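Colleague: My structure is in query_29.cif, and what it holds is mmCIF, C-alpha atoms and all ligand atoms:
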```
data_data
loop_
_atom_site.group_PDB
_atom_site.id
_atom_site.type_symbol
_atom_site.label_atom_id
_atom_site.label_comp_id
_atom_site.auth_asym_id
_atom_site.auth_seq_id
_atom_site.Cartn_x
_atom_site.Cartn_y
_atom_site.Cartn_z
ATOM 1 C CA MET A 21 0.000 0.000 0.000
ATOM 2 C CA ASN A 22 1.306 3.453 -0.862
ATOM 3 C CA LYS A 23 -0.206 5.732 1.738
ATOM 4 C CA GLY A 24 2.002 8.614 0.616
ATOM 5 C CA PHE A 25 0.349 8.800 -2.780
ATOM 6 C CA ALA A 26 -3.210 8.463 -1.444
ATOM 7 C CA LEU A 27 -2.499 11.256 0.989
ATOM 8 C CA GLN A 28 -0.921 13.433 -1.718
ATOM 9 C CA VAL A 29 -3.992 12.991 -3.936
ATOM 10 C CA THR A 30 -6.428 13.658 -1.082
ATOM 11 C CA GLU A 31 -4.610 16.783 0.063
ATOM 12 C CA LYS A 32 -4.338 18.184 -3.448
ATOM 13 C CA SER A 33 -7.864 17.337 -4.630
ATOM 14 C CA HIS A 34 -9.793 17.439 -1.318
ATOM 15 C CA GLU A 35 -11.545 14.284 -2.571
ATOM 16 C CA ASN A 36 -11.618 11.293 -0.257
ATOM 17 C CA VAL A 37 -11.327 8.148 -2.404
ATOM 18 C CA ASN A 38 -11.657 6.039 0.742
ATOM 19 C CA LYS A 39 -15.373 6.825 0.624
ATOM 20 C CA CYS A 40 -15.631 4.840 -2.648
ATOM 21 C CA LEU A 41 -17.985 1.846 -2.326
ATOM 22 C CA GLN A 42 -16.868 0.227 -5.606
ATOM 23 C CA CYS A 43 -20.506 0.254 -6.710
ATOM 24 C CA LEU A 44 -19.377 0.902 -10.355
ATOM 25 C CA LYS A 45 -22.080 3.481 -11.025
ATOM 26 C CA CYS A 46 -19.380 5.882 -12.257
ATOM 27 C CA THR A 47 -17.870 3.365 -14.665
ATOM 28 C CA SER A 48 -21.173 2.066 -16.007
ATOM 29 C CA GLY A 49 -22.215 5.611 -16.953
ATOM 30 C CA CYS A 50 -18.849 6.817 -18.275
ATOM 31 C CA PRO A 51 -19.012 7.401 -22.058
ATOM 32 C CA ILE A 52 -15.236 6.929 -22.399
ATOM 33 C CA ALA A 53 -14.813 3.857 -20.165
ATOM 34 C CA SER A 54 -14.388 1.411 -23.087
ATOM 35 C CA TRP A 55 -11.281 3.254 -24.249
ATOM 36 C CA MET A 56 -9.717 3.545 -20.798
ATOM 37 C CA ASP A 57 -7.039 1.075 -19.693
ATOM 38 C CA TYR A 58 -8.385 1.270 -16.123
ATOM 39 C CA LYS A 59 -11.971 2.191 -15.302
ATOM 40 C CA PRO A 60 -12.724 5.178 -13.037
ATOM 41 C CA ASN A 61 -13.581 2.938 -10.046
ATOM 42 C CA GLN A 62 -10.321 1.021 -10.600
ATOM 43 C CA ILE A 63 -8.359 4.272 -10.504
ATOM 44 C CA ASN A 64 -9.928 4.931 -7.092
ATOM 45 C CA ARG A 65 -8.967 1.492 -5.861
ATOM 46 C CA MET A 66 -5.413 1.861 -7.184
ATOM 47 C CA ILE A 67 -5.016 5.175 -5.408
ATOM 48 C CA GLN A 68 -6.098 3.427 -2.202
ATOM 49 C CA MET A 69 -4.028 0.277 -2.646
ATOM 50 C CA GLU A 70 -1.404 0.255 -5.365
ATOM 51 C CA GLY A 71 -0.047 3.749 -5.409
ATOM 52 C CA LYS A 72 1.436 5.992 -7.900
ATOM 53 C CA THR A 73 3.090 4.241 -10.831
ATOM 54 C CA LYS A 74 0.098 2.494 -12.391
ATOM 55 C CA VAL A 75 -2.226 5.451 -11.893
ATOM 56 C CA LEU A 76 0.117 8.085 -13.321
ATOM 57 C CA ASN A 77 1.034 5.829 -16.252
ATOM 58 C CA SER A 78 -2.583 5.070 -17.145
ATOM 59 C CA SER A 79 -4.282 6.441 -20.239
ATOM 60 C CA THR A 80 -7.455 6.946 -18.168
ATOM 61 C CA ILE A 81 -6.315 10.162 -16.531
ATOM 62 C CA TRP A 82 -5.796 11.700 -19.994
ATOM 63 C CA LEU A 83 -8.897 10.279 -21.647
ATOM 64 C CA CYS A 84 -11.426 11.551 -19.085
ATOM 65 C CA VAL A 85 -13.309 14.391 -20.774
ATOM 66 C CA GLY A 86 -14.715 15.842 -17.545
ATOM 67 C CA CYS A 87 -18.322 15.271 -18.621
ATOM 68 C CA GLN A 88 -19.455 14.974 -14.946
ATOM 69 C CA THR A 89 -21.664 11.920 -15.595
ATOM 70 C CA CYS A 90 -19.855 9.945 -12.885
ATOM 71 C CA VAL A 91 -20.273 12.731 -10.302
ATOM 72 C CA THR A 92 -24.011 12.885 -10.827
ATOM 73 C CA ARG A 93 -24.284 9.083 -10.450
ATOM 74 C CA CYS A 94 -21.928 8.621 -7.495
ATOM 75 C CA PRO A 95 -23.787 7.907 -4.223
ATOM 76 C CA MET A 96 -20.764 9.207 -2.309
ATOM 77 C CA LYS A 97 -20.464 12.401 -4.400
ATOM 78 C CA ILE A 98 -16.838 11.710 -5.283
ATOM 79 C CA ASP A 99 -15.784 14.252 -7.907
ATOM 80 C CA ILE A 100 -13.866 11.972 -10.267
ATOM 81 C CA PRO A 101 -13.172 14.577 -12.985
ATOM 82 C CA HIS A 102 -11.620 16.777 -10.331
ATOM 83 C CA LEU A 103 -9.615 13.774 -9.185
ATOM 84 C CA MET A 104 -8.476 13.192 -12.788
ATOM 85 C CA ASP A 105 -7.403 16.856 -13.061
ATOM 86 C CA THR A 106 -5.342 16.414 -9.916
ATOM 87 C CA LEU A 107 -3.753 13.229 -11.240
ATOM 88 C CA ARG A 108 -2.898 14.986 -14.516
ATOM 89 C CA GLU A 109 -1.286 17.834 -12.576
ATOM 90 C CA ILE A 110 0.845 15.380 -10.602
ATOM 91 C CA ALA A 111 1.758 13.496 -13.796
ATOM 92 C CA VAL A 112 2.796 16.711 -15.594
ATOM 93 C CA ALA A 113 4.861 17.810 -12.584
ATOM 94 C CA GLU A 114 6.618 14.438 -12.677
ATOM 95 C CA ASN A 115 6.986 14.457 -16.462
ATOM 96 C CA ILE A 116 4.905 11.301 -16.983
ATOM 97 C CA SER A 117 2.385 10.810 -19.764
ATOM 98 C CA LYS A 118 0.982 7.674 -21.335
ATOM 99 C CA GLU A 119 -0.751 9.883 -23.910
ATOM 100 C CA PRO A 120 1.884 12.453 -24.960
ATOM 101 C CA ASN A 121 -0.271 13.946 -27.737
ATOM 102 C CA ILE A 122 -3.076 14.680 -25.295
ATOM 103 C CA THR A 123 -0.554 16.359 -22.994
ATOM 104 C CA ILE A 124 0.687 18.459 -25.932
ATOM 105 C CA PHE A 125 -2.918 19.416 -26.753
ATOM 106 C CA HIS A 126 -3.653 20.467 -23.153
ATOM 107 C CA GLN A 127 -0.504 22.597 -22.990
ATOM 108 C CA LEU A 128 -1.144 24.311 -26.328
ATOM 109 C CA PHE A 129 -4.793 24.937 -25.393
ATOM 110 C CA LEU A 130 -3.745 26.667 -22.165
ATOM 111 C CA ASN A 131 -1.015 28.669 -23.939
ATOM 112 C CA SER A 132 -3.592 29.904 -26.438
ATOM 113 C CA VAL A 133 -6.019 30.986 -23.686
ATOM 114 C CA LYS A 134 -3.154 32.665 -21.852
ATOM 115 C CA LYS A 135 -2.147 34.583 -24.978
ATOM 116 C CA TRP A 136 -5.527 35.623 -26.402
ATOM 117 C CA GLY A 137 -8.007 35.118 -23.564
ATOM 118 C CA ARG A 138 -9.741 32.381 -25.559
ATOM 119 C CA VAL A 139 -8.612 29.640 -27.872
ATOM 120 C CA HIS A 140 -7.504 30.479 -31.405
ATOM 121 C CA GLU A 141 -8.377 27.149 -32.998
ATOM 122 C CA LEU A 142 -6.430 27.556 -36.254
ATOM 123 C CA GLU A 143 -3.219 28.386 -34.414
ATOM 124 C CA LEU A 144 -3.855 25.539 -31.975
ATOM 125 C CA ILE A 145 -4.335 23.038 -34.817
ATOM 126 C CA GLY A 146 -1.176 24.211 -36.629
ATOM 127 C CA LEU A 147 1.007 24.044 -33.528
ATOM 128 C CA TYR A 148 -0.485 20.715 -32.481
ATOM 129 C CA LYS A 149 0.293 19.220 -35.881
ATOM 130 C CA LEU A 150 3.880 20.447 -35.737
ATOM 131 C CA LYS A 151 4.484 19.265 -32.165
ATOM 132 C CA SER A 152 2.725 15.906 -32.440
ATOM 133 C CA GLY A 153 4.067 15.133 -35.923
ATOM 134 C CA GLN A 154 0.529 14.330 -37.130
ATOM 135 C CA LEU A 155 0.815 16.714 -40.059
ATOM 136 C CA PHE A 156 -1.772 15.199 -42.369
ATOM 137 C CA ALA A 157 -4.364 13.869 -39.905
ATOM 138 C CA ASP A 158 -7.959 15.158 -40.269
ATOM 139 C CA MET A 159 -7.085 17.408 -43.232
ATOM 140 C CA GLN A 160 -10.491 16.970 -44.858
ATOM 141 C CA LEU A 161 -12.339 17.744 -41.650
ATOM 142 C CA GLY A 162 -10.178 20.845 -41.127
ATOM 143 C CA GLN A 163 -10.927 22.042 -44.653
ATOM 144 C CA GLN A 164 -14.668 21.575 -44.151
ATOM 145 C CA MET A 165 -14.588 23.478 -40.866
ATOM 146 C CA PHE A 166 -12.630 26.309 -42.469
ATOM 147 C CA MET A 167 -15.061 26.549 -45.393
ATOM 148 C CA LYS A 168 -17.984 26.741 -42.949
ATOM 149 C CA GLY A 169 -16.319 29.568 -41.045
ATOM 150 C CA LYS A 170 -15.688 27.484 -37.914
ATOM 151 C CA LEU A 171 -11.956 28.235 -37.982
ATOM 152 C CA LYS A 172 -11.050 31.916 -37.941
ATOM 153 C CA LEU A 173 -7.824 33.169 -39.521
ATOM 154 C CA LEU A 174 -7.268 35.759 -36.809
ATOM 155 C CA PRO A 175 -7.686 35.279 -33.060
ATOM 156 C CA GLU A 176 -10.533 36.901 -31.129
ATOM 157 C CA ILE A 177 -8.852 38.756 -28.294
ATOM 158 C CA VAL A 178 -10.726 39.355 -25.032
ATOM 159 C CA LYS A 179 -10.870 42.908 -23.696
ATOM 160 C CA ASP A 180 -9.813 42.056 -20.162
ATOM 161 C CA LYS A 181 -6.381 40.601 -20.877
ATOM 162 C CA LYS A 182 -5.215 41.804 -17.476
ATOM 163 C CA GLY A 183 -7.907 39.652 -15.824
ATOM 164 C CA ILE A 184 -6.703 36.612 -17.773
ATOM 165 C CA LYS A 185 -3.133 37.291 -16.650
ATOM 166 C CA GLU A 186 -4.314 37.478 -13.031
ATOM 167 C CA ILE A 187 -6.099 34.106 -13.321
ATOM 168 C CA PHE A 188 -2.946 32.420 -14.667
ATOM 169 C CA LYS A 189 -0.850 34.074 -11.954
ATOM 170 C CA LYS A 190 -3.183 32.677 -9.264
ATOM 171 C CA VAL A 191 -3.140 29.094 -10.554
ATOM 172 C CA LYS A 192 0.602 28.987 -11.286
HETATM 173 S S1 LIG B 1 -19.914 5.714 -8.236
HETATM 174 FE FE1 LIG B 1 -18.764 6.620 -6.547
HETATM 175 S S2 LIG B 1 -18.842 5.108 -4.910
HETATM 176 FE FE2 LIG B 1 -19.453 4.069 -6.791
HETATM 177 S S3 LIG B 1 -17.542 3.165 -7.584
HETATM 178 FE FE3 LIG B 1 -17.772 5.155 -8.527
HETATM 179 S S4 LIG B 1 -16.643 6.592 -7.238
HETATM 180 FE FE4 LIG B 1 -16.980 4.709 -6.072
HETATM 181 S S1 LIG B 2 -16.028 12.822 -16.029
HETATM 182 FE FE1 LIG B 2 -14.481 11.422 -16.874
HETATM 183 S S2 LIG B 2 -14.603 9.582 -15.646
HETATM 184 FE FE2 LIG B 2 -16.461 10.750 -15.263
HETATM 185 S S3 LIG B 2 -17.961 9.932 -16.680
HETATM 186 FE FE3 LIG B 2 -17.029 11.692 -17.694
HETATM 187 S S4 LIG B 2 -15.299 10.861 -18.870
HETATM 188 FE FE4 LIG B 2 -15.944 9.270 -17.404
#
```
Let me see whether you can do it: turn the structure in this file into structure tokens.

Modeller:
Amino acid sequence: MNKGFALQVTEKSHENVNKCLQCLKCTSGCPIASWMDYKPNQINRMIQMEGKTKVLNSSTIWLCVGCQTCVTRCPMKIDIPHLMDTLREIAVAENISKEPNITIFHQLFLNSVKKWGRVHELELIGLYKLKSGQLFADMQLGQQMFMKGKLKLLPEIVKDKKGIKEIFKKVK
């Protein structure tokens, strides 16, 4: 048992995974569960019992889309998406990622929000392609989105850039 990791997760997330009943209501409602290497309830159990390595090296923590379905179904009100955010933060701090392209996407997304106040999709796509090496993936879809005006050439910049800076300073 790795009590150090369980404690680290609890202190950082303020979620108590020891309350988990292993009822599987979270997993049975999760729309992404079939693609996850470990199901959400298994992540809870591994935090309790097996510690860090398996959890931080799982694809699950990167595949969770934060849809909140599990939270609404959980009888113990365990906020799993918040738990997944915490696990991602720990993984990034320790330079671990089973899904490096998803990590790249998250970082570029945040950089874009930091720079413009909201995401500039075209820039995000271009940088993602360069960094991930997936230069020709989804070209047709991209073209269709551009033709329909879903991808803007220039970024939309928010007025309160100072406010955005303050937010990033607080969560640093
Ligand atoms: S729904 Fe809640 S109590 Fe049930 S397994 Fe999932 S996290 Fe645990
Ligand atoms: S928030 Fe994550 S773990 Fe919960 S149901 Fe949605 S994808 Fe699954």

Colleague: Would you compute the box with edges along x, y and z of the file around ligand LIG 1 (chain B), including every atom the file lists for it and 3 Å extra on each side, and give its centre and edge lengths in Å to one decimal, as AutoDock Vina command-line options?

Modeller:
```
--center_x -18.3 --center_y 4.9 --center_z -6.7 --size_x 9.3 --size_y 9.5 --size_z 9.6
```

Colleague: Residues within 12 Å of (-2.0, 27.2, -39.0), file coordinates, counting all atoms listed in the file: what are they? Give the list as a compact mmCIF listing (two decimals) with C-alpha atoms, keeping the file's coordinate frame.

Modeller:
```txt
# COMPACT_ATOMS: atom_id res chain seq x y z
CA HIS A 140 -7.50 30.48 -31.40
CA GLU A 141 -8.38 27.15 -33.00
CA LEU A 142 -6.43 27.56 -36.25
CA GLU A 143 -3.22 28.39 -34.41
CA LEU A 144 -3.86 25.54 -31.98
CA ILE A 145 -4.34 23.04 -34.82
CA GLY A 146 -1.18 24.21 -36.63
CA LEU A 147 1.01 24.04 -33.53
CA TYR A 148 -0.48 20.72 -32.48
CA LYS A 149 0.29 19.22 -35.88
CA LEU A 150 3.88 20.45 -35.74
CA LEU A 155 0.82 16.71 -40.06
CA MET A 159 -7.08 17.41 -43.23
CA GLY A 162 -10.18 20.84 -41.13
CA GLN A 163 -10.93 22.04 -44.65
CA PHE A 166 -12.63 26.31 -42.47
CA LEU A 171 -11.96 28.24 -37.98
CA LYS A 172 -11.05 31.92 -37.94
CA LEU A 173 -7.82 33.17 -39.52
CA LEU A 174 -7.27 35.76 -36.81
CA PRO A 175 -7.69 35.28 -33.06
```

Colleague: Which residues of chain A come within 12 Å of ligand LIG 2 (chain B), and what is each one's closest atom pair and distance in Å (one decimal), counting only C-alpha atoms and all ligand atoms, sorted by chain and residue number, as a Markdown table?

Modeller:
```
| residue | atom | partner | partner_atom | distance |
| --- | --- | --- | --- | --- |
| A:Leu44 | CA | B:LIG2 | S3 | 11.1 |
| A:Lys45 | CA | B:LIG2 | S3 | 9.5 |
| A:Cys46 | CA | B:LIG2 | S3 | 6.2 |
| A:Thr47 | CA | B:LIG2 | FE4 | 6.8 |
| A:Ser48 | CA | B:LIG2 | S3 | 8.5 |
| A:Gly49 | CA | B:LIG2 | S3 | 6.1 |
| A:Cys50 | CA | B:LIG2 | S3 | 3.6 |
| A:Pro51 | CA | B:LIG2 | FE4 | 5.9 |
| A:Ile52 | CA | B:LIG2 | S4 | 5.3 |
| A:Ala53 | CA | B:LIG2 | FE4 | 6.2 |
| A:Ser54 | CA | B:LIG2 | FE4 | 9.8 |
| A:Trp55 | CA | B:LIG2 | S4 | 10.1 |
| A:Met56 | CA | B:LIG2 | FE4 | 9.1 |
| A:Tyr58 | CA | B:LIG2 | S2 | 10.4 |
| A:Lys59 | CA | B:LIG2 | S2 | 7.9 |
| A:Pro60 | CA | B:LIG2 | S2 | 5.5 |
| A:Asn61 | CA | B:LIG2 | S2 | 8.7 |
| A:Gln62 | CA | B:LIG2 | S2 | 10.8 |
| A:Ile63 | CA | B:LIG2 | S2 | 9.7 |
| A:Asn64 | CA | B:LIG2 | S2 | 10.8 |
| A:Ser79 | CA | B:LIG2 | S2 | 11.7 |
| A:Thr80 | CA | B:LIG2 | S2 | 8.0 |
| A:Ile81 | CA | B:LIG2 | FE1 | 8.3 |
| A:Trp82 | CA | B:LIG2 | FE1 | 9.2 |
| A:Leu83 | CA | B:LIG2 | S4 | 7.0 |
| A:Cys84 | CA | B:LIG2 | FE1 | 3.8 |
| A:Val85 | CA | B:LIG2 | S4 | 4.5 |
| A:Gly86 | CA | B:LIG2 | S1 | 3.6 |
| A:Cys87 | CA | B:LIG2 | FE3 | 3.9 |
| A:Gln88 | CA | B:LIG2 | S1 | 4.2 |
| A:Thr89 | CA | B:LIG2 | S3 | 4.3 |
| A:Cys90 | CA | B:LIG2 | FE2 | 4.2 |
| A:Val91 | CA | B:LIG2 | FE2 | 6.6 |
| A:Thr92 | CA | B:LIG2 | S3 | 8.9 |
| A:Arg93 | CA | B:LIG2 | S3 | 8.9 |
| A:Cys94 | CA | B:LIG2 | FE2 | 9.7 |
| A:Lys97 | CA | B:LIG2 | FE2 | 11.7 |
| A:Ile98 | CA | B:LIG2 | FE2 | 10.0 |
| A:Asp99 | CA | B:LIG2 | FE2 | 8.2 |
| A:Ile100 | CA | B:LIG2 | FE2 | 5.8 |
| A:Pro101 | CA | B:LIG2 | S1 | 4.5 |
| A:His102 | CA | B:LIG2 | S1 | 8.2 |
| A:Leu103 | CA | B:LIG2 | S2 | 9.2 |
| A:Met104 | CA | B:LIG2 | FE1 | 7.5 |
| A:Asp105 | CA | B:LIG2 | FE1 | 9.7 |
```

Colleague: Which one is closest to ligand LIG 1 (chain B): A:Arg65, A:Thr30, A:Gln42, A:Met167? Count all atoms listed in the file.

Modeller: A:Gln42

Colleague: Choose the residue, out of A:Val133, A:Val75, A:Leu41, A:Val191, that has the smallest atom-to-atom separation from A:Glu176; count all atoms listed in the file.

Modeller: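 Answer, going by the shortest atom-to-atom distance: A:Val133.
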
Colleague: Rank nothing, just name the residue among A:Cys43, A:Met69, A:Val37, A:Leu27 nearest to ligand LIG 1 (chain B), using all atoms listed in the file.

Modeller: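 Of A:Cys43, A:Met69, A:Val37, A:Leu27, the one nearest ligand LIG 1 (chain B) is A:Cys43, counting all atoms listed in the file.
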
Colleague: One decimal, Å: what's the distance from atom CA of A:Asp158 over to atom CA of A:Ile122, could you say?

Modeller: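 Value for the atom CA of A:Asp158-atom CA of A:Ile122 distance: 15.8 Å.
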
Colleague: Calculated over all atoms listed in the file, which of the candidates A:Met96, A:Ile67, A:Ala26, A:Ala111 has the smallest distance to ligand LIG 1 (chain B)?

Modeller: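 Looking at the shortest contact to ligand LIG 1 (chain B), the residue is A:Met96.
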
Colleague: Select, from A:Ile184, A:Leu161, A:Cys40, A:Val112, the residue with the minimum atom-to-atom distance to ligand LIG 1 (chain B), counting only C-alpha atoms and all ligand atoms.

Modeller: A:Cys40

Colleague: In Å, how far is it from atom CA of A:Lys39 to atom S2 of ligand LIG 1 (chain B)?

Modeller: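 Distance reported for this atom pair: 6.8 Å.
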
Colleague: Provide the atom CA of A:Gly137 to atom CA of A:Lys182 distance in Å, to one decimal place.

Modeller: 9.5 Å

Colleague: Taking the file as shown, what set of residues would the PyMOL selection byres (((chain A and resi 123) around 12) and not hetatm) give back, as a ChimeraX atom specification?

Modeller: /A:79,81-83,108-109,111-113,115-122,124-130,148,151-152

Colleague: Restricting the calculation to all atoms listed in the file: of A:Val178, A:Leu107, A:Gln154, A:Thr73, which residue gets closest to A:Val29?

Modeller: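 Ranked by minimum distance to A:Val29, first place goes to A:Leu107.
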